[in-house]
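Source file: query-v8.cif. Holds: mmCIF, C-alpha atoms.
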```cif
data_coords
loop_
_atom_site.label_atom_id
_atom_site.label_comp_id
_atom_site.auth_asym_id
_atom_site.auth_seq_id
_atom_site.Cartn_x
_atom_site.Cartn_y
_atom_site.Cartn_z
CA TRP A 1 0.00 0.00 0.00
CA SER A 2 2.87 2.38 0.62
CA GLN A 3 3.97 1.94 -3.00
CA ARG A 4 0.44 2.58 -4.24
CA ILE A 5 0.06 5.71 -2.14
CA LEU A 6 3.42 7.07 -3.31
CA GLY A 7 2.51 6.29 -6.91
CA CYS A 8 -0.78 8.18 -6.60
CA ILE A 9 0.98 11.17 -5.04
CA MET A 10 3.53 11.26 -7.87
CA LEU A 11 0.77 10.94 -10.47
CA VAL A 12 -1.29 13.78 -8.98
CA LEU A 13 1.73 16.07 -8.61
CA GLY A 14 2.99 15.29 -12.12
CA VAL A 15 -0.36 15.87 -13.81
CA GLY A 16 -1.02 19.01 -11.76
CA LEU A 17 2.36 20.63 -12.37
CA SER A 18 2.94 19.70 -16.02
CA PRO A 19 0.60 22.43 -17.42
CA LEU A 20 2.66 25.02 -15.56
CA ILE A 21 5.90 24.08 -17.34
CA ILE A 22 7.02 26.64 -19.92
CA ALA A 23 9.00 25.34 -22.89
CA ARG A 24 12.34 27.03 -23.49
CA LYS A 25 12.24 28.82 -26.84
CA PRO A 26 15.35 28.93 -29.03
CA ARG A 27 17.01 32.32 -29.31
CA THR A 28 16.28 34.07 -32.59
CA GLU A 29 18.51 36.66 -34.16
CA GLN A 30 17.08 40.11 -34.73
CA LYS A 31 16.54 41.01 -38.34
CA GLN A 32 18.06 44.25 -39.54
CA GLU A 33 15.78 46.81 -41.11
CA THR A 34 16.74 47.19 -44.79
CA CYS A 35 13.59 48.88 -46.16
CA GLY A 36 12.96 45.91 -48.41
CA LEU A 37 16.48 45.95 -49.87
CA GLN A 38 19.18 43.33 -49.21
CA THR A 39 22.89 43.63 -49.76
CA GLU A 40 24.86 41.11 -51.78
CA GLU A 41 26.31 39.66 -48.56
CA GLN A 42 22.85 39.16 -47.12
CA LYS A 43 21.65 37.46 -50.30
CA ALA A 44 24.66 35.12 -50.34
CA ALA A 45 24.44 34.28 -46.66
CA LYS A 46 22.98 30.86 -45.94
CA PRO A 47 20.35 30.48 -43.25
CA ALA A 48 21.63 29.03 -39.99
CA PRO A 49 21.05 25.29 -39.73
CA ARG A 50 18.35 24.16 -37.33
CA PRO A 51 19.75 22.50 -34.21
CA LYS A 52 19.33 18.74 -34.00
CA ALA A 53 16.88 17.37 -31.48
CA ILE A 54 19.42 14.71 -30.50
CA ASP A 55 23.08 15.06 -31.43
CA PHE A 56 24.59 11.58 -31.17
CA SER A 57 28.05 12.92 -31.98
CA VAL A 58 28.37 13.68 -28.28
CA VAL A 59 29.04 9.99 -27.61
CA THR A 60 32.43 10.37 -29.30
CA GLU A 61 33.57 13.05 -26.85
CA TRP A 62 35.85 11.93 -24.04
CA LYS A 63 33.94 13.94 -21.43
CA PHE A 64 30.72 12.13 -22.25
CA GLN A 65 32.38 8.73 -22.33
CA LEU A 66 33.98 9.22 -18.91
CA ILE A 67 30.90 10.57 -17.18
CA ALA A 68 28.69 7.89 -18.78
CA ALA A 69 31.09 5.22 -17.49
CA ALA A 70 31.07 6.83 -14.05
CA SER A 71 27.28 6.86 -14.17
CA PHE A 72 27.24 3.16 -14.98
CA PHE A 73 29.45 2.21 -12.03
CA SER A 74 28.08 4.69 -9.48
CA MET A 75 24.32 4.58 -10.00
CA GLY A 76 24.07 0.79 -10.31
CA PRO A 77 24.90 0.22 -6.62
CA ASN A 78 22.44 2.95 -5.65
CA THR A 79 19.69 0.45 -4.81
CA ILE A 80 21.80 -2.31 -3.24
CA PRO A 81 21.78 -1.05 0.38
CA TYR A 82 18.00 -0.73 0.14
CA LEU A 83 17.82 -4.40 -0.85
CA LEU A 84 20.50 -5.94 1.36
CA MET A 85 20.38 -4.04 4.66
CA PRO A 86 16.87 -5.13 5.75
CA THR A 87 17.73 -8.81 5.28
CA TYR A 88 21.28 -8.33 6.61
CA VAL A 89 20.10 -7.26 10.05
CA ALA A 90 17.86 -10.34 10.27
CA ASP A 91 20.27 -12.93 8.85
CA VAL A 92 23.58 -11.71 10.29
CA LEU A 93 22.78 -9.47 13.27
CA LYS A 94 19.72 -11.52 14.32
CA GLU A 95 17.69 -8.38 14.82
CA THR A 96 14.02 -7.84 14.10
CA SER A 97 12.66 -6.82 10.73
CA LYS A 98 11.62 -3.50 12.29
CA LEU A 99 15.27 -2.42 12.33
CA GLY A 100 15.60 -3.36 8.66
CA SER A 101 12.66 -1.11 7.77
CA SER A 102 14.16 1.65 9.89
CA LEU A 103 17.40 1.46 7.90
CA VAL A 104 15.52 2.19 4.68
CA THR A 105 13.93 5.16 6.42
CA ILE A 106 17.36 6.34 7.61
CA ILE A 107 18.71 6.21 4.05
CA ASN A 108 15.75 8.18 2.69
CA VAL A 109 15.72 10.81 5.45
CA SER A 110 19.48 11.36 5.38
CA GLY A 111 19.22 11.61 1.60
CA ILE A 112 17.13 14.75 2.02
CA PHE A 113 19.92 16.47 3.92
CA GLY A 114 22.50 15.02 1.53
CA ARG A 115 20.80 16.59 -1.48
CA PHE A 116 20.67 20.00 0.21
CA ALA A 117 24.33 19.75 1.20
CA ALA A 118 25.36 18.52 -2.25
CA GLY A 119 23.58 21.42 -3.95
CA MET A 120 25.05 24.11 -1.74
CA LEU A 121 28.57 22.67 -1.84
CA SER A 122 28.38 22.22 -5.61
CA ASP A 123 27.62 25.92 -5.99
CA ARG A 124 30.68 26.73 -3.90
CA PHE A 125 33.24 24.14 -5.06
CA GLY A 126 31.83 22.85 -8.36
CA PRO A 127 29.56 19.86 -9.12
CA VAL A 128 32.30 17.66 -10.58
CA ASN A 129 34.52 18.17 -7.53
CA MET A 130 31.67 17.39 -5.12
CA LEU A 131 30.54 14.39 -7.17
CA LEU A 132 34.06 13.01 -6.85
CA LEU A 133 33.95 13.42 -3.06
CA TRP A 134 30.41 12.06 -2.72
CA VAL A 135 31.22 8.87 -4.66
CA LEU A 136 34.32 8.32 -2.51
CA LEU A 137 32.29 8.72 0.71
CA ALA A 138 29.62 6.36 -0.63
CA ALA A 139 32.31 3.72 -1.25
CA PHE A 140 33.66 4.29 2.27
CA SER A 141 30.19 3.71 3.71
CA GLN A 142 30.29 0.22 2.23
CA LEU A 143 33.94 -0.84 2.50
CA GLY A 144 35.01 1.23 5.50
CA ILE A 145 31.98 0.95 7.80
CA TRP A 146 29.54 -1.77 6.80
CA LEU A 147 32.02 -4.45 5.70
CA PRO A 148 34.49 -4.59 8.65
CA PHE A 149 32.01 -3.97 11.50
CA ALA A 150 29.14 -6.43 11.85
CA SER A 151 27.16 -4.50 14.44
CA VAL A 152 23.98 -2.47 14.70
CA PRO A 153 25.73 0.93 15.18
CA ALA A 154 27.95 0.26 12.17
CA VAL A 155 25.10 -0.63 9.82
CA ILE A 156 23.13 2.42 11.02
CA ALA A 157 26.15 4.67 10.39
CA SER A 158 26.65 3.07 6.98
CA ALA A 159 23.01 3.63 6.07
CA ALA A 160 23.16 7.27 7.17
CA LEU A 161 26.36 8.03 5.26
CA PHE A 162 25.18 6.22 2.16
CA GLY A 163 21.89 8.10 2.33
CA VAL A 164 23.73 11.43 2.42
CA THR A 165 26.09 10.55 -0.43
CA GLY A 166 24.84 7.65 -2.54
CA ALA A 167 21.25 8.88 -2.74
CA SER A 168 22.48 12.24 -4.08
CA ILE A 169 24.59 10.87 -6.93
CA VAL A 170 21.71 10.77 -9.42
CA GLY A 171 20.97 14.49 -9.06
CA MET A 172 24.62 15.47 -8.84
CA LEU A 173 25.33 13.84 -12.19
CA LEU A 174 22.70 16.08 -13.78
CA ASN A 175 24.31 19.12 -12.16
CA ALA A 176 27.75 18.06 -13.42
CA LEU A 177 26.40 17.56 -16.95
CA SER A 178 24.90 21.05 -16.97
CA ARG A 179 28.28 22.48 -15.94
CA LEU A 180 30.16 20.53 -18.62
CA TYR A 181 27.74 20.96 -21.54
CA GLY A 182 25.50 23.89 -20.69
CA VAL A 183 21.76 24.03 -20.18
CA SER A 184 20.91 24.04 -23.90
CA ARG A 185 22.29 20.52 -24.44
CA ILE A 186 21.42 19.00 -21.08
CA THR A 187 18.09 17.51 -22.16
CA TYR A 188 19.26 14.82 -24.57
CA ILE A 189 22.72 14.35 -23.02
CA SER A 190 21.22 13.57 -19.62
CA GLY A 191 18.85 11.12 -21.29
CA LEU A 192 21.76 9.32 -22.93
CA VAL A 193 23.68 9.18 -19.65
CA TYR A 194 20.69 7.95 -17.66
CA MET A 195 20.28 5.08 -20.12
CA THR A 196 23.38 3.64 -18.48
CA TYR A 197 21.58 3.97 -15.13
CA ALA A 198 18.79 1.66 -16.29
CA VAL A 199 21.16 -0.97 -17.66
CA SER A 200 23.46 -0.79 -14.63
CA SER A 201 20.64 -1.04 -12.09
CA LEU A 202 19.29 -4.15 -13.78
CA LEU A 203 22.69 -5.84 -14.03
CA VAL A 204 24.02 -4.90 -10.59
CA ALA A 205 20.87 -5.87 -8.70
CA GLN A 206 20.68 -9.27 -10.39
CA THR A 207 24.42 -9.90 -9.99
CA THR A 208 24.37 -8.98 -6.30
CA SER A 209 21.39 -11.24 -5.62
CA LEU A 210 23.03 -14.11 -7.49
CA MET A 211 26.28 -13.55 -5.61
CA LEU A 212 24.48 -13.67 -2.26
CA ASP A 213 22.70 -16.91 -3.16
CA THR A 214 25.68 -18.74 -4.67
CA VAL A 215 28.83 -17.47 -2.95
CA GLY A 216 27.22 -16.33 0.29
CA HIS A 217 24.70 -19.18 0.51
CA GLY A 218 22.06 -16.64 1.48
CA ILE A 219 23.70 -15.65 4.80
CA ASP A 220 27.21 -14.34 3.99
CA TYR A 221 26.98 -10.76 2.76
CA THR A 222 30.73 -10.17 2.45
CA TRP A 223 31.12 -10.39 -1.30
CA PRO A 224 27.92 -8.49 -2.18
CA ILE A 225 29.13 -5.62 0.05
CA VAL A 226 32.62 -5.77 -1.48
CA TYR A 227 31.10 -5.84 -4.96
CA THR A 228 28.97 -2.76 -4.24
CA GLY A 229 31.92 -0.87 -2.78
CA LEU A 230 34.28 -1.76 -5.62
CA LEU A 231 31.80 -0.49 -8.21
CA LEU A 232 31.79 2.85 -6.42
CA VAL A 233 35.60 2.82 -6.23
CA ALA A 234 35.72 2.24 -10.00
CA ALA A 235 33.37 5.20 -10.50
CA PHE A 236 35.62 7.34 -8.29
CA PHE A 237 38.73 6.66 -10.37
CA ILE A 238 36.84 7.32 -13.62
CA LEU A 239 35.67 10.67 -12.24
CA LEU A 240 39.22 11.37 -11.06
CA VAL A 241 40.48 10.89 -14.63
CA LEU A 242 37.74 13.25 -15.84
CA ARG A 243 38.72 15.84 -13.24
CA ILE A 244 42.43 15.62 -14.11
CA LYS A 245 41.76 15.90 -17.85
CA ILE A 246 39.67 19.02 -17.25
CA SER A 247 42.26 20.66 -15.01
CA ARG A 248 45.20 19.55 -12.89
CA LYS A 249 44.76 22.51 -10.54
CA LEU A 250 43.51 21.31 -7.16
CA ALA A 251 41.57 24.50 -6.44
CA PHE A 252 39.95 24.63 -9.89
CA ILE A 253 36.14 24.92 -9.54
CA ILE A 254 34.32 22.67 -12.00
#
```

Let me see whether you can do it: turn the structure in this file into structure tokens.
Amino acid sequence: WSQRILGCIMLVLGVGLSPLIIARKPRTEQKQETCGLQTEEQKAAKPAPRPKAIDFSVVTEWKFQLIAAASFFSMGPNTIPYLLMPTYVADVLKETSKLGSSLVTIINVSGIFGRFAAGMLSDRFGPVNMLLLWVLLAAFSQLGIWLPFASVPAVIASAALFGVTGASIVGMLLNALSRLYGVSRITYISGLVYMTYAVSSLLVAQTTSLMLDTVGHGIDYTWPIVYTGLLLVAAFFILLVLRIKISRKLAFII
């Protein structure tokens, strides 16, 4: 029922707000007054080509390739703590299912504060720089807190830190794309990047579940946690390459 209620809320808000959206109109050049006469240069000038709705040439650019790869490795693990933590506290910590539900709530609530913090810090230090830090902290929440400490305080701390960082990655990628490509190209470029999100989420969730059933025999969560953390580490190094290729200056805001 919670899913149905949330779905109805999203449907009502989406239908109610969509008529208020104003489409961005392309900028038109002002025509010069010539009193009906045109010069030879004006006659010979060709009209400006219409912009393409989707420019697939962007996939050949190294910036797009790096950030799409980082999207694949960082957004795939985004749902894994939601799936594993509720069963982890019951199978490993022998706690009640109520704690598992509370962990999902902790991730969602801390994600609210994480998004606010990510937005404000991105304005100050740059979205690419903050995305790099957020992905690193999300990996630490898995490999540095959850993995080595099998206790209730550790899994709560891991859920809180992952909620602040991991839950914000999706929006931060959009912010980074707008900084790299500008607002005019963000519509189709973000769509192309988020296609990797769909593929990654499907593959990572299925792989993690299969790993838990086969390697972990349903009770050992070590390798699924390591797998999730290593995907985030891979995304961090890809973003680090992107950051270095843009500028080697440490204080450079991007």

Considering only C-alpha atoms, state which residue in the set A:Phe236, A:Tyr227, A:Phe72, A:Phe252 is at the smallest distance from Leu143 of chain A.
A:Tyr227

Atomic separation - atom CA of Leu136 of chain A relative to atom CA of Ala167 of chain A, Å
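We find that atom CA of Ala167 of chain A and atom CA of Leu136 of chain A lie 13.1 Å from each other.
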
Quick one: apply the PyMOL selection byres ((chain A and resi 76) around 6) to the file and drop the selected residues here as a PyMOL selection string.
chain A and resi 73-75+77-78+200-201+204

Which one is closest to Ala159 of chain A: A:Ile106, A:Ile244, A:Ala139, A:Leu212? Count all atoms listed in the file.
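Nearest to Ala159 of chain A: A:Ile106.
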
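For the pair atom CA of Asn175 of chain A and atom CA of Pro127 of chain A, the separation is 6.1 Å.
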
For Ile253 of chain A, which residue among A:Trp62, A:Phe125, A:Phe237, A:Tyr194 is the nearest when counting all atoms listed in the file?
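Ranked by minimum distance to Ile253 of chain A, first place goes to A:Phe125.
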
Interatomic distance (Å, one decimal) between atom CA of Leu202 of chain A and atom CA of Gly182 of chain A
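Answer for the atom CA of Leu202 of chain A to atom CA of Gly182 of chain A separation: 29.5 Å.
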
Residues matched by the PyMOL selection byres ((chain A and resi 82-89) around 12), written as a PDB file with C-alpha atoms, keeping the file's coordinate frame:
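out_3.pdb was written with the following content:
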```pdb
ATOM      1  CA  PRO A  77      24.900   0.220  -6.620  1.00  0.00           C
ATOM      2  CA  ASN A  78      22.440   2.950  -5.650  1.00  0.00           C
ATOM      3  CA  THR A  79      19.690   0.450  -4.810  1.00  0.00           C
ATOM      4  CA  ILE A  80      21.800  -2.310  -3.240  1.00  0.00           C
ATOM      5  CA  PRO A  81      21.780  -1.050   0.380  1.00  0.00           C
ATOM      6  CA  ALA A  90      17.860 -10.340  10.270  1.00  0.00           C
ATOM      7  CA  ASP A  91      20.270 -12.930   8.850  1.00  0.00           C
ATOM      8  CA  VAL A  92      23.580 -11.710  10.290  1.00  0.00           C
ATOM      9  CA  LEU A  93      22.780  -9.470  13.270  1.00  0.00           C
ATOM     10  CA  LYS A  94      19.720 -11.520  14.320  1.00  0.00           C
ATOM     11  CA  GLU A  95      17.690  -8.380  14.820  1.00  0.00           C
ATOM     12  CA  THR A  96      14.020  -7.840  14.100  1.00  0.00           C
ATOM     13  CA  SER A  97      12.660  -6.820  10.730  1.00  0.00           C
ATOM     14  CA  LYS A  98      11.620  -3.500  12.290  1.00  0.00           C
ATOM     15  CA  LEU A  99      15.270  -2.420  12.330  1.00  0.00           C
ATOM     16  CA  GLY A 100      15.600  -3.360   8.660  1.00  0.00           C
ATOM     17  CA  SER A 101      12.660  -1.110   7.770  1.00  0.00           C
ATOM     18  CA  SER A 102      14.160   1.650   9.890  1.00  0.00           C
ATOM     19  CA  LEU A 103      17.400   1.460   7.900  1.00  0.00           C
ATOM     20  CA  VAL A 104      15.520   2.190   4.680  1.00  0.00           C
ATOM     21  CA  THR A 105      13.930   5.160   6.420  1.00  0.00           C
ATOM     22  CA  ILE A 106      17.360   6.340   7.610  1.00  0.00           C
ATOM     23  CA  ILE A 107      18.710   6.210   4.050  1.00  0.00           C
ATOM     24  CA  ASN A 108      15.750   8.180   2.690  1.00  0.00           C
ATOM     25  CA  GLN A 142      30.290   0.220   2.230  1.00  0.00           C
ATOM     26  CA  TRP A 146      29.540  -1.770   6.800  1.00  0.00           C
ATOM     27  CA  LEU A 147      32.020  -4.450   5.700  1.00  0.00           C
ATOM     28  CA  ALA A 150      29.140  -6.430  11.850  1.00  0.00           C
ATOM     29  CA  SER A 151      27.160  -4.500  14.440  1.00  0.00           C
ATOM     30  CA  VAL A 152      23.980  -2.470  14.700  1.00  0.00           C
ATOM     31  CA  PRO A 153      25.730   0.930  15.180  1.00  0.00           C
ATOM     32  CA  ALA A 154      27.950   0.260  12.170  1.00  0.00           C
ATOM     33  CA  VAL A 155      25.100  -0.630   9.820  1.00  0.00           C
ATOM     34  CA  ILE A 156      23.130   2.420  11.020  1.00  0.00           C
ATOM     35  CA  ALA A 157      26.150   4.670  10.390  1.00  0.00           C
ATOM     36  CA  SER A 158      26.650   3.070   6.980  1.00  0.00           C
ATOM     37  CA  ALA A 159      23.010   3.630   6.070  1.00  0.00           C
ATOM     38  CA  ALA A 160      23.160   7.270   7.170  1.00  0.00           C
ATOM     39  CA  PHE A 162      25.180   6.220   2.160  1.00  0.00           C
ATOM     40  CA  GLY A 163      21.890   8.100   2.330  1.00  0.00           C
ATOM     41  CA  GLY A 166      24.840   7.650  -2.540  1.00  0.00           C
ATOM     42  CA  ALA A 167      21.250   8.880  -2.740  1.00  0.00           C
ATOM     43  CA  VAL A 204      24.020  -4.900 -10.590  1.00  0.00           C
ATOM     44  CA  ALA A 205      20.870  -5.870  -8.700  1.00  0.00           C
ATOM     45  CA  GLN A 206      20.680  -9.270 -10.390  1.00  0.00           C
ATOM     46  CA  THR A 208      24.370  -8.980  -6.300  1.00  0.00           C
ATOM     47  CA  SER A 209      21.390 -11.240  -5.620  1.00  0.00           C
ATOM     48  CA  MET A 211      26.280 -13.550  -5.610  1.00  0.00           C
ATOM     49  CA  LEU A 212      24.480 -13.670  -2.260  1.00  0.00           C
ATOM     50  CA  GLY A 216      27.220 -16.330   0.290  1.00  0.00           C
ATOM     51  CA  GLY A 218      22.060 -16.640   1.480  1.00  0.00           C
ATOM     52  CA  ILE A 219      23.700 -15.650   4.800  1.00  0.00           C
ATOM     53  CA  ASP A 220      27.210 -14.340   3.990  1.00  0.00           C
ATOM     54  CA  TYR A 221      26.980 -10.760   2.760  1.00  0.00           C
ATOM     55  CA  THR A 222      30.730 -10.170   2.450  1.00  0.00           C
ATOM     56  CA  TRP A 223      31.120 -10.390  -1.300  1.00  0.00           C
ATOM     57  CA  PRO A 224      27.920  -8.490  -2.180  1.00  0.00           C
ATOM     58  CA  ILE A 225      29.130  -5.620   0.050  1.00  0.00           C
ATOM     59  CA  THR A 228      28.970  -2.760  -4.240  1.00  0.00           C
TER      60      THR A 228
END
```

Pick from A:Leu137, A:Val164, A:Ile189, A:Ile9, whichever lies nearest to Ala118 of chain A using all atoms listed in the file:
A:Val164

Add whatever atoms are absent from segment 195-208 of chain A to reach N, CA, C and O atoms, and provide the output as an mmCIF file, in the coordinates of the input.
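Saved as out_27.cif:
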```cif
data_model
loop_
_atom_site.group_PDB
_atom_site.id
_atom_site.type_symbol
_atom_site.label_atom_id
_atom_site.label_comp_id
_atom_site.auth_asym_id
_atom_site.auth_seq_id
_atom_site.Cartn_x
_atom_site.Cartn_y
_atom_site.Cartn_z
ATOM 1 N N MET A 195 20.484 6.417 -19.546
ATOM 2 C CA MET A 195 20.280 5.080 -20.120
ATOM 3 C C MET A 195 21.236 4.077 -19.490
ATOM 4 O O MET A 195 20.884 2.913 -19.282
ATOM 5 N N THR A 196 22.446 4.531 -19.157
ATOM 6 C CA THR A 196 23.380 3.640 -18.480
ATOM 7 C C THR A 196 22.900 3.299 -17.080
ATOM 8 O O THR A 196 23.203 2.217 -16.561
ATOM 9 N N TYR A 197 22.144 4.212 -16.464
ATOM 10 C CA TYR A 197 21.580 3.970 -15.130
ATOM 11 C C TYR A 197 20.625 2.781 -15.173
ATOM 12 O O TYR A 197 20.662 1.902 -14.304
ATOM 13 N N ALA A 198 19.758 2.741 -16.184
ATOM 14 C CA ALA A 198 18.790 1.660 -16.290
ATOM 15 C C ALA A 198 19.475 0.315 -16.487
ATOM 16 O O ALA A 198 19.144 -0.681 -15.825
ATOM 17 N N VAL A 199 20.453 0.285 -17.393
ATOM 18 C CA VAL A 199 21.160 -0.970 -17.660
ATOM 19 C C VAL A 199 21.957 -1.405 -16.422
ATOM 20 O O VAL A 199 21.941 -2.584 -16.028
ATOM 21 N N SER A 200 22.642 -0.464 -15.790
ATOM 22 C CA SER A 200 23.460 -0.790 -14.630
ATOM 23 C C SER A 200 22.621 -1.280 -13.461
ATOM 24 O O SER A 200 22.986 -2.240 -12.781
ATOM 25 N N SER A 201 21.492 -0.628 -13.204
ATOM 26 C CA SER A 201 20.640 -1.040 -12.090
ATOM 27 C C SER A 201 20.142 -2.462 -12.281
ATOM 28 O O SER A 201 20.095 -3.255 -11.330
ATOM 29 N N LEU A 202 19.769 -2.797 -13.507
ATOM 30 C CA LEU A 202 19.290 -4.150 -13.780
ATOM 31 C C LEU A 202 20.406 -5.175 -13.594
ATOM 32 O O LEU A 202 20.208 -6.213 -12.943
ATOM 33 N N LEU A 203 21.593 -4.886 -14.114
ATOM 34 C CA LEU A 203 22.690 -5.840 -14.030
ATOM 35 C C LEU A 203 23.224 -5.984 -12.610
ATOM 36 O O LEU A 203 23.444 -7.099 -12.125
ATOM 37 N N VAL A 204 23.415 -4.864 -11.919
ATOM 38 C CA VAL A 204 24.020 -4.900 -10.590
ATOM 39 C C VAL A 204 23.093 -5.574 -9.583
ATOM 40 O O VAL A 204 23.533 -6.380 -8.758
ATOM 41 N N ALA A 205 21.804 -5.260 -9.638
ATOM 42 C CA ALA A 205 20.870 -5.870 -8.700
ATOM 43 C C ALA A 205 20.807 -7.378 -8.884
ATOM 44 O O ALA A 205 20.830 -8.147 -7.903
ATOM 45 N N GLN A 206 20.747 -7.831 -10.133
ATOM 46 C CA GLN A 206 20.680 -9.270 -10.390
ATOM 47 C C GLN A 206 21.995 -9.950 -10.009
ATOM 48 O O GLN A 206 21.990 -11.049 -9.431
ATOM 49 N N THR A 207 23.123 -9.316 -10.311
ATOM 50 C CA THR A 207 24.420 -9.900 -9.990
ATOM 51 C C THR A 207 24.619 -10.003 -8.483
ATOM 52 O O THR A 207 25.119 -11.015 -7.969
ATOM 53 N N THR A 208 24.224 -8.968 -7.751
ATOM 54 C CA THR A 208 24.370 -8.980 -6.300
ATOM 55 C C THR A 208 23.506 -10.062 -5.669
ATOM 56 O O THR A 208 23.945 -10.785 -4.766
#
```
